[in-house]
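Just protein25.cif here, mmCIF, C-alpha atoms:
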data_protein
#
loop_
_atom_site.label_atom_id
_atom_site.label_comp_id
_atom_site.auth_asym_id
_atom_site.auth_seq_id
_atom_site.Cartn_x
_atom_site.Cartn_y
_atom_site.Cartn_z
CA MET K 1 7.44 30.66 -5.22
CA SER K 2 6.85 31.76 -8.80
CA LYS K 3 5.66 29.46 -11.57
CA ASP K 4 8.97 29.91 -13.33
CA THR K 5 10.87 28.76 -10.24
CA ALA K 6 8.59 25.73 -9.90
CA LYS K 7 9.24 24.78 -13.53
CA GLN K 8 12.97 25.05 -12.96
CA ARG K 9 12.76 22.73 -9.98
CA ASP K 10 10.63 20.17 -11.79
CA PRO K 11 10.65 20.80 -15.55
CA LEU K 12 8.88 17.51 -16.31
CA LYS K 13 6.00 18.03 -13.86
CA SER K 14 3.41 18.95 -16.48
CA ILE K 15 4.34 16.03 -18.73
CA TYR K 16 4.11 13.50 -15.92
CA HIS K 17 0.97 15.10 -14.51
CA ASP K 18 -0.84 14.74 -17.83
CA SER K 19 0.26 11.15 -18.37
CA ILE K 20 0.06 9.87 -14.79
CA VAL K 21 -2.36 11.94 -12.71
CA ASP K 22 -4.86 13.21 -15.28
CA ASN K 23 -4.76 10.11 -17.46
CA PRO K 24 -8.40 9.04 -18.02
CA GLY K 25 -7.26 5.43 -17.88
CA HIS K 26 -7.56 5.54 -14.08
CA PHE K 27 -11.29 6.05 -14.32
CA LYS K 28 -11.83 3.85 -17.36
CA GLN K 29 -10.49 0.92 -15.35
CA LEU K 30 -12.95 1.69 -12.55
CA ILE K 31 -15.83 1.89 -15.00
CA ASN K 32 -14.80 -1.47 -16.47
CA HIS K 33 -14.25 -3.02 -13.03
CA ASN K 34 -10.58 -3.66 -13.83
CA THR K 35 -9.30 -1.94 -10.68
CA GLY K 36 -8.16 -3.59 -7.45
CA LEU K 37 -7.24 -2.50 -3.94
CA LEU K 38 -3.82 -3.69 -2.77
CA CYS K 39 -3.24 -3.77 1.00
CA ILE K 40 0.45 -4.13 1.85
CA ASP K 41 1.89 -5.92 4.91
CA LEU K 42 -0.80 -5.06 7.46
CA GLN K 43 0.21 -7.92 9.72
CA TYR K 44 1.46 -8.67 13.22
CA LEU K 45 5.08 -8.67 12.05
CA ASP K 46 5.23 -4.93 11.50
CA ALA K 47 1.88 -3.35 12.36
CA VAL K 48 1.06 -4.45 15.91
CA GLU K 49 2.78 -3.37 19.11
CA GLY K 50 4.54 -6.14 21.02
CA TYR K 51 4.98 -8.46 18.05
CA GLY K 52 7.50 -9.10 15.30
CA VAL K 53 9.98 -6.30 14.85
CA PHE K 54 8.40 -4.52 17.83
CA ARG K 55 8.45 -7.53 20.19
CA GLU K 56 11.37 -5.89 21.97
CA PRO K 57 10.69 -2.23 21.22
CA GLU K 58 14.08 -0.90 22.30
CA LYS K 59 15.80 -3.28 19.88
CA SER K 60 13.55 -2.40 16.93
CA GLY K 61 15.80 0.44 15.82
CA VAL K 62 12.83 2.82 16.00
CA PRO K 63 13.01 5.33 18.87
CA LYS K 64 10.01 5.71 21.18
CA GLU K 65 8.93 8.92 19.46
CA GLY K 66 8.84 7.11 16.13
CA ARG K 67 6.99 4.13 17.55
CA ASP K 68 4.40 6.36 19.18
CA TYR K 69 3.88 8.26 15.93
CA TYR K 70 3.66 5.11 13.82
CA PHE K 71 1.19 3.19 15.98
CA ASN K 72 -0.95 6.25 16.58
CA ARG K 73 -1.15 6.86 12.82
CA LEU K 74 -2.09 3.22 12.27
CA LYS K 75 -4.80 3.34 14.93
CA GLU K 76 -6.26 6.76 14.13
CA PHE K 77 -5.99 6.88 10.35
CA VAL K 78 -4.53 3.96 8.43
CA LEU K 79 -6.48 0.97 9.72
CA PRO K 80 -9.87 2.75 9.73
CA ASN K 81 -9.23 4.13 6.25
CA VAL K 82 -8.07 0.80 4.86
CA ARG K 83 -11.20 -0.80 6.27
CA ARG K 84 -13.38 1.82 4.59
CA LEU K 85 -11.61 1.26 1.30
CA GLN K 86 -11.97 -2.51 1.59
CA GLU K 87 -15.69 -2.22 2.25
CA ALA K 88 -16.12 0.12 -0.71
CA PHE K 89 -14.27 -2.19 -3.08
CA ARG K 90 -16.20 -5.21 -1.83
CA SER K 91 -19.50 -3.37 -2.23
CA CYS K 92 -18.62 -2.73 -5.86
CA GLN K 93 -17.36 -6.28 -6.44
CA LEU K 94 -13.86 -5.00 -7.11
CA GLU K 95 -10.86 -7.08 -6.13
CA VAL K 96 -9.37 -6.60 -2.67
CA MET K 97 -5.89 -8.11 -2.49
CA HIS K 98 -3.35 -8.50 0.27
CA THR K 99 0.40 -8.94 0.48
CA ARG K 100 2.26 -10.04 3.56
CA ILE K 101 5.76 -11.01 4.56
CA GLN K 102 5.78 -14.77 5.05
CA ALA K 103 8.41 -17.37 4.31
CA LEU K 104 7.72 -20.73 2.71
CA THR K 105 9.65 -22.56 5.42
CA GLN K 106 9.73 -22.47 9.21
CA ASP K 107 13.41 -21.55 9.36
CA GLY K 108 13.11 -19.02 6.55
CA ARG K 109 15.83 -20.53 4.37
CA ASP K 110 13.85 -19.45 1.30
CA ARG K 111 13.88 -15.76 2.30
CA SER K 112 15.50 -13.11 0.17
CA PRO K 113 19.09 -12.19 1.07
CA GLY K 114 17.83 -8.81 2.24
CA HIS K 115 15.39 -10.31 4.73
CA LYS K 116 18.05 -12.73 5.96
CA ARG K 117 20.43 -9.84 6.60
CA LEU K 118 17.65 -8.03 8.47
CA ASP K 119 16.77 -11.22 10.37
CA LEU K 120 13.18 -10.64 9.28
CA LEU K 121 11.09 -13.79 9.51
CA ALA K 122 7.38 -14.54 9.56
CA ALA K 123 7.11 -18.30 9.42
CA PRO K 124 3.98 -20.03 8.09
CA GLY K 125 1.41 -20.31 10.88
CA SER K 126 3.21 -17.82 13.12
CA LYS K 127 1.54 -14.89 14.84
CA GLU K 128 3.81 -12.55 12.88
CA ALA K 129 2.32 -13.84 9.64
CA GLU K 130 -1.27 -13.15 10.73
CA PHE K 131 -3.08 -10.13 9.35
CA VAL K 132 -4.36 -7.38 11.60
CA GLU K 133 -7.93 -8.48 12.27
CA ALA K 134 -9.64 -5.21 11.33
CA VAL K 135 -8.25 -5.35 7.77
CA ALA K 136 -7.78 -9.08 7.27
CA PRO K 137 -8.70 -10.86 4.03
CA PHE K 138 -12.34 -11.86 3.62
CA GLY K 139 -13.61 -14.90 1.74
CA ASP K 140 -11.35 -15.95 -1.11
CA GLU K 141 -9.54 -12.64 -1.58
CA VAL K 142 -6.11 -12.98 -3.10
CA VAL K 143 -3.24 -13.21 -0.61
CA VAL K 144 0.33 -13.05 -1.89
CA ASN K 145 3.23 -14.01 0.37
CA LYS K 146 6.65 -12.43 -0.14
CA THR K 147 10.06 -12.16 1.49
CA ALA K 148 11.24 -9.00 -0.20
CA SER K 149 10.19 -5.38 -0.26
CA GLY K 150 8.48 -5.42 -3.65
CA VAL K 151 5.71 -7.87 -4.42
CA PHE K 152 6.29 -7.60 -8.18
CA SER K 153 9.99 -8.42 -8.06
CA SER K 154 9.66 -11.41 -5.75
CA THR K 155 6.36 -13.14 -6.65
CA ASN K 156 4.08 -13.99 -9.57
CA PHE K 157 1.70 -11.15 -8.68
CA HIS K 158 1.98 -9.49 -12.10
CA PHE K 159 0.93 -12.80 -13.70
CA VAL K 160 -2.00 -13.09 -11.27
CA LEU K 161 -3.23 -9.56 -11.96
CA ASN K 162 -3.05 -10.16 -15.71
CA ASN K 163 -5.08 -13.34 -15.29
CA MET K 164 -7.77 -11.41 -13.40
CA GLY K 165 -7.80 -8.49 -15.84
CA VAL K 166 -6.71 -5.97 -13.20
CA ASN K 167 -5.04 -2.98 -14.87
CA ALA K 168 -5.22 -0.38 -12.11
CA LEU K 169 -4.36 -0.44 -8.41
CA PHE K 170 -5.29 1.60 -5.37
CA VAL K 171 -2.42 1.03 -2.93
CA CYS K 172 -2.31 1.30 0.87
CA GLY K 173 -0.34 -0.19 3.75
CA VAL K 174 3.09 -0.10 5.40
CA TYR K 175 5.85 1.04 5.36
CA THR K 176 5.30 3.99 3.04
CA ASN K 177 8.99 4.41 2.24
CA GLU K 178 9.77 0.72 1.88
CA CYS K 179 7.34 -1.94 0.64
CA VAL K 180 4.67 0.54 -0.45
CA GLU K 181 7.02 2.77 -2.42
CA THR K 182 8.82 -0.18 -4.02
CA THR K 183 5.51 -1.68 -5.11
CA VAL K 184 4.14 1.59 -6.47
CA ARG K 185 7.25 2.20 -8.56
CA ALA K 186 7.22 -1.32 -10.00
CA ALA K 187 3.50 -1.21 -10.75
CA SER K 188 3.93 2.04 -12.65
CA ASP K 189 6.86 0.63 -14.60
CA LEU K 190 4.76 -2.39 -15.53
CA GLY K 191 2.02 -0.16 -16.93
CA TYR K 192 -0.58 -0.20 -14.17
CA PHE K 193 -2.59 2.91 -13.37
CA VAL K 194 -1.64 3.51 -9.75
CA SER K 195 -3.47 5.52 -7.11
CA MET K 196 -1.69 5.76 -3.76
CA ILE K 197 -3.84 6.52 -0.72
CA ASP K 198 -1.84 9.01 1.36
CA ASP K 199 -3.80 8.69 4.62
CA ALA K 200 -3.98 4.91 4.37
CA CYS K 201 -0.19 4.47 4.46
CA ALA K 202 2.30 4.83 7.30
CA THR K 203 5.93 4.59 8.24
CA VAL K 204 7.94 5.35 11.37
CA THR K 205 8.44 9.11 10.93
CA PRO K 206 6.34 11.79 9.24
CA GLN K 207 9.44 12.95 7.36
CA LEU K 208 9.99 9.56 5.73
CA HIS K 209 6.31 9.34 4.81
CA GLU K 210 6.25 12.80 3.26
CA ALA K 211 9.51 12.18 1.38
CA SER K 212 8.03 9.11 -0.29
CA ILE K 213 4.82 10.92 -1.14
CA ALA K 214 6.81 13.78 -2.69
CA THR K 215 8.83 11.32 -4.77
CA LEU K 216 5.90 9.24 -6.01
CA LYS K 217 3.34 11.99 -6.53
CA ASP K 218 2.93 13.08 -10.15
CA ARG K 219 5.64 10.62 -11.19
CA TYR K 220 4.62 7.07 -10.40
CA ALA K 221 1.13 7.47 -8.95
CA ARG K 222 -1.89 9.61 -8.46
CA VAL K 223 -1.74 10.43 -4.73
CA VAL K 224 -5.19 10.87 -3.20
CA SER K 225 -6.90 10.79 0.18
CA THR K 226 -9.29 8.09 1.32
CA GLU K 227 -12.23 10.44 0.80
CA GLU K 228 -11.13 11.22 -2.75
CA ALA K 229 -10.72 7.53 -3.49
CA LEU K 230 -14.19 6.75 -2.16
CA GLN K 231 -15.65 9.54 -4.28
CA ASP K 232 -13.94 8.12 -7.36
CA ILE K 233 -15.32 4.67 -6.64
CA ALA K 234 -18.88 5.94 -6.19
CA ARG K 235 -18.70 8.19 -9.25
CA PHE K 236 -17.21 5.75 -11.72
CA THR K 237 -18.77 2.46 -10.62
CA GLY K 238 -22.22 3.86 -9.85
CA VAL K 239 -22.25 2.02 -6.52
CA GLU K 240 -22.33 3.95 -3.25
CA PRO K 241 -19.88 2.48 -0.70
CA SER K 242 -21.48 0.52 2.15
CA SER K 243 -22.02 2.42 5.38
CA SER K 244 -21.96 -0.72 7.56
CA ILE K 245 -18.74 0.17 9.39
#
Show this structure as structure tokens.
Amino acid sequence: MSKDTAKQRDPLKSIYHDSIVDNPGHFKQLINHNTGLLCIDLQYLDAVEGYGVFREPEKSGVPKEGRDYYFNRLKEFVLPNVRRLQEAFRSCQLEVMHTRIQALTQDGRDRSPGHKRLDLLAAPGSKEAEFVEAVAPFGDEVVVNKTASGVFSSTNFHFVLNNMGVNALFVCGVYTNECVETTVRAASDLGYFVSMIDDACATVTPQLHEASIATLKDRYARVVSTEEALQDIARFTGVEPSSSI
């Protein structure tokens, strides 16, 4: 495909690339330690076989091929990469933050209308509300509970980040095309410098994952790999990530 054809397909690519991807603000926030890692919905409700929406796999709405792909990607790529990112951020004393789907009440009467329609409930203290152990919060890391796709639209997370001086986010988690994409878009709109970690996100088909990446890349976020993110962290904080994993 020629350069002229590419420009016709995406005439604003260069403008967005300069302002979003190549913006030096991404790295300035790392240098100033104003960057945080946001881990989205890595919990038993939607990221562990046999629990939550996958308690009865055939009723999940996800065919076996999709389930096999999703859980294999979680096991082989996403969870190990999220763990590496968490360890790197912790080594540099950068914030590691977590969102999860969890209602305020046992019967979920406080849930968003969308989650009620989906019959999606993780009650306080339930197994579904627990984080996957390998990437669970450590110490007093910030945990934000939500009952909607986007953490910014349904919680006080923007207020919390402002209080902590966090101006940039590295984002990972599930599902790529739902809660992750919604959060990335909102964060960009609110002025955060957003880096989305491609191989630390997953959804139930590769096509849905790639569609979200194509939409967000060079528009709402810098899309990078785990290795690229770790290199950025080492380069701009001056602290080599821990190799304890």
message: Using only C-alpha atoms, can you tell me which of K:Ser19, K:Asn177, K:Thr203, K:Ser153 comes closest to Leu74 of chain K?
response: K:Thr203
Å distance separating atom CA of Val78 of chain K from atom CA of Val180 of chain K, one decimal place: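 One can read the atom CA of Val78 of chain K to atom CA of Val180 of chain K distance as 13.2 Å.
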Dig up all the protein and nucleic acid residues within 9 Å of (9.5, 6.5, 14.0) in the file frame, using all atoms listed in the file, and format them as a compact mmCIF listing (two decimals) with C-alpha atoms, in the frame of the given file.
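The result, stored in out_26.txt:
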# COMPACT_ATOMS: atom_id res chain seq x y z
CA GLY K 61 15.80 0.44 15.82
CA VAL K 62 12.83 2.82 16.00
CA PRO K 63 13.01 5.33 18.87
CA LYS K 64 10.01 5.71 21.18
CA GLU K 65 8.93 8.92 19.46
CA GLY K 66 8.84 7.11 16.13
CA ARG K 67 6.99 4.13 17.55
CA ASP K 68 4.40 6.36 19.18
CA TYR K 69 3.88 8.26 15.93
CA TYR K 70 3.66 5.11 13.82
CA THR K 203 5.93 4.59 8.24
CA VAL K 204 7.94 5.35 11.37
CA THR K 205 8.44 9.11 10.93
CA PRO K 206 6.34 11.79 9.24
CA LEU K 208 9.99 9.56 5.73
field: Contact residues around segment 99-113 of chain K with only C-alpha atoms at 8 Å, ignoring same-chain residues under 4 positions, as an NGL selection string
entry: :K and (38-43 or 45 or 117 or 121-124 or 129 or 131 or 143-148 or 151)
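Here atom CA of Cys92 of chain K and atom CA of Gln29 of chain K stand 13.0 Å from one another.
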- prompt: Which protein, DNA or RNA residues have an atom at most 9 Å from (6.5, -6.7, -6.3), counting all atoms listed in the file? List them as a ChimeraX atom specification.
  reply: /K:146,148-158,179,182-184,186-187
query: Using all atoms listed in the file, which of the listed residues (K:Asn32, K:Thr237, K:Ser212, K:Gln207) sits closest to Thr176 of chain K?
result: K:Ser212
statement: Counting all atoms listed in the file, the residue among K:Val239, K:Ala211, K:Ala88, K:Met196 that lies closest to Val21 of chain K is K:Met196
task: Measure the distance from atom CA of Ser225 of chain K to atom CA of Val82 of chain K in Å and round it to one decimal.
output: 11.1 Å
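If all atoms listed in the file are the atoms counted, then among K:Phe170, K:Phe27, K:Phe159, K:Phe77 the closest residue to Val96 of chain K is K:Phe170.
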Would you kindly translate the PyMOL selection byres ((chain K and resi 233) around 10) into the concrete residues it picks from this file, as a PDB file with C-alpha atoms, keeping the file's coordinate frame?
ATOM      1  CA  PHE K  27     -11.290   6.050 -14.320  1.00  0.00           C
ATOM      2  CA  LEU K  30     -12.950   1.690 -12.550  1.00  0.00           C
ATOM      3  CA  ILE K  31     -15.830   1.890 -15.000  1.00  0.00           C
ATOM      4  CA  THR K  35      -9.300  -1.940 -10.680  1.00  0.00           C
ATOM      5  CA  LEU K  85     -11.610   1.260   1.300  1.00  0.00           C
ATOM      6  CA  ALA K  88     -16.120   0.120  -0.710  1.00  0.00           C
ATOM      7  CA  PHE K  89     -14.270  -2.190  -3.080  1.00  0.00           C
ATOM      8  CA  CYS K  92     -18.620  -2.730  -5.860  1.00  0.00           C
ATOM      9  CA  LEU K  94     -13.860  -5.000  -7.110  1.00  0.00           C
ATOM     10  CA  GLU K 227     -12.230  10.440   0.800  1.00  0.00           C
ATOM     11  CA  GLU K 228     -11.130  11.220  -2.750  1.00  0.00           C
ATOM     12  CA  ALA K 229     -10.720   7.530  -3.490  1.00  0.00           C
ATOM     13  CA  LEU K 230     -14.190   6.750  -2.160  1.00  0.00           C
ATOM     14  CA  GLN K 231     -15.650   9.540  -4.280  1.00  0.00           C
ATOM     15  CA  ASP K 232     -13.940   8.120  -7.360  1.00  0.00           C
ATOM     16  CA  ALA K 234     -18.880   5.940  -6.190  1.00  0.00           C
ATOM     17  CA  ARG K 235     -18.700   8.190  -9.250  1.00  0.00           C
ATOM     18  CA  PHE K 236     -17.210   5.750 -11.720  1.00  0.00           C
ATOM     19  CA  THR K 237     -18.770   2.460 -10.620  1.00  0.00           C
ATOM     20  CA  GLY K 238     -22.220   3.860  -9.850  1.00  0.00           C
ATOM     21  CA  VAL K 239     -22.250   2.020  -6.520  1.00  0.00           C
ATOM     22  CA  GLU K 240     -22.330   3.950  -3.250  1.00  0.00           C
ATOM     23  CA  PRO K 241     -19.880   2.480  -0.700  1.00  0.00           C
TER      24      PRO K 241
END
- line: Using all atoms listed in the file, the best pick from K:Pro24, K:Pro80, K:Gly36, K:Gly139 as closest to Leu169 of chain K would be K:Gly36
For this structure, which residues satisfy the selection - the PyMOL selection byres ((chain K and resi 16) around 12) - when it is evaluated on the file as given? I want them as a tab-separated table (two decimals) with C-alpha atoms, in the coordinates of the input.
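What follows is the written file result.tsv:
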chain	number	residue	atom	x	y	z
K	10	ASP	CA	10.63	20.17	-11.79
K	11	PRO	CA	10.65	20.80	-15.55
K	12	LEU	CA	8.88	17.51	-16.31
K	13	LYS	CA	6.00	18.03	-13.86
K	14	SER	CA	3.41	18.95	-16.48
K	15	ILE	CA	4.34	16.03	-18.73
K	17	HIS	CA	0.97	15.10	-14.51
K	18	ASP	CA	-0.84	14.74	-17.83
K	19	SER	CA	0.26	11.15	-18.37
K	20	ILE	CA	0.06	9.87	-14.79
K	21	VAL	CA	-2.36	11.94	-12.71
K	22	ASP	CA	-4.86	13.21	-15.28
K	23	ASN	CA	-4.76	10.11	-17.46
K	188	SER	CA	3.93	2.04	-12.65
K	216	LEU	CA	5.90	9.24	-6.01
K	217	LYS	CA	3.34	11.99	-6.53
K	218	ASP	CA	2.93	13.08	-10.15
K	219	ARG	CA	5.64	10.62	-11.19
K	220	TYR	CA	4.62	7.07	-10.40
K	221	ALA	CA	1.13	7.47	-8.95
K	222	ARG	CA	-1.89	9.61	-8.46
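Minimum distance to Arg90 of chain K across K:Asp140, K:Asp46, K:Glu178, K:Glu56 (counting all atoms listed in the file) occurs at K:Asp140.
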- prompt: For this file, the PyMOL selection byres ((chain K and resi 134) around 12) selects which residues, as an NGL selection string?
  reply: :K and (42-44 or 47-48 or 74-75 or 78-84 or 86-87 or 130-133 or 135-138 or 245)
Since the input has fewer atoms than a full residue there, write segment 135-146 of chain K out with N, CA, C and O atoms, as a compact mmCIF listing (two decimals), keeping the file's coordinate frame.
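Done, and the output landed in out07.txt:
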# COMPACT_ATOMS: atom_id res chain seq x y z
N VAL K 135 -8.43 -5.50 9.23
CA VAL K 135 -8.25 -5.35 7.77
C VAL K 135 -7.84 -6.67 7.13
O VAL K 135 -7.22 -6.69 6.06
N ALA K 136 -8.18 -7.76 7.76
CA ALA K 136 -7.78 -9.08 7.27
C ALA K 136 -8.55 -9.46 6.01
O ALA K 136 -9.64 -8.94 5.74
N PRO K 137 -7.99 -10.38 5.22
CA PRO K 137 -8.70 -10.86 4.03
C PRO K 137 -10.05 -11.46 4.38
O PRO K 137 -10.25 -12.01 5.46
N PHE K 138 -10.98 -11.35 3.45
CA PHE K 138 -12.34 -11.86 3.62
C PHE K 138 -12.65 -12.81 2.47
O PHE K 138 -12.36 -12.51 1.31
N GLY K 139 -13.24 -13.95 2.79
CA GLY K 139 -13.61 -14.90 1.74
C GLY K 139 -12.39 -15.41 1.00
O GLY K 139 -11.39 -15.79 1.61
N ASP K 140 -12.47 -15.42 -0.33
CA ASP K 140 -11.35 -15.95 -1.11
C ASP K 140 -10.52 -14.84 -1.76
O ASP K 140 -10.01 -14.99 -2.87
N GLU K 141 -10.37 -13.72 -1.05
CA GLU K 141 -9.54 -12.64 -1.58
C GLU K 141 -8.10 -13.11 -1.75
O GLU K 141 -7.59 -13.92 -0.96
N VAL K 142 -7.47 -12.58 -2.76
CA VAL K 142 -6.11 -12.98 -3.10
C VAL K 142 -5.13 -12.54 -2.02
O VAL K 142 -5.12 -11.38 -1.60
N VAL K 143 -4.31 -13.48 -1.56
CA VAL K 143 -3.24 -13.21 -0.61
C VAL K 143 -1.93 -13.66 -1.24
O VAL K 143 -1.81 -14.80 -1.70
N VAL K 144 -0.96 -12.74 -1.29
CA VAL K 144 0.33 -13.05 -1.89
C VAL K 144 1.41 -12.92 -0.81
O VAL K 144 1.54 -11.87 -0.18
N ASN K 145 2.15 -14.00 -0.60
CA ASN K 145 3.23 -14.01 0.37
C ASN K 145 4.55 -13.64 -0.29
O ASN K 145 4.81 -14.03 -1.43
N LYS K 146 5.38 -12.89 0.43
CA LYS K 146 6.65 -12.43 -0.14
C LYS K 146 7.69 -12.35 0.96
O LYS K 146 7.37 -12.28 2.14
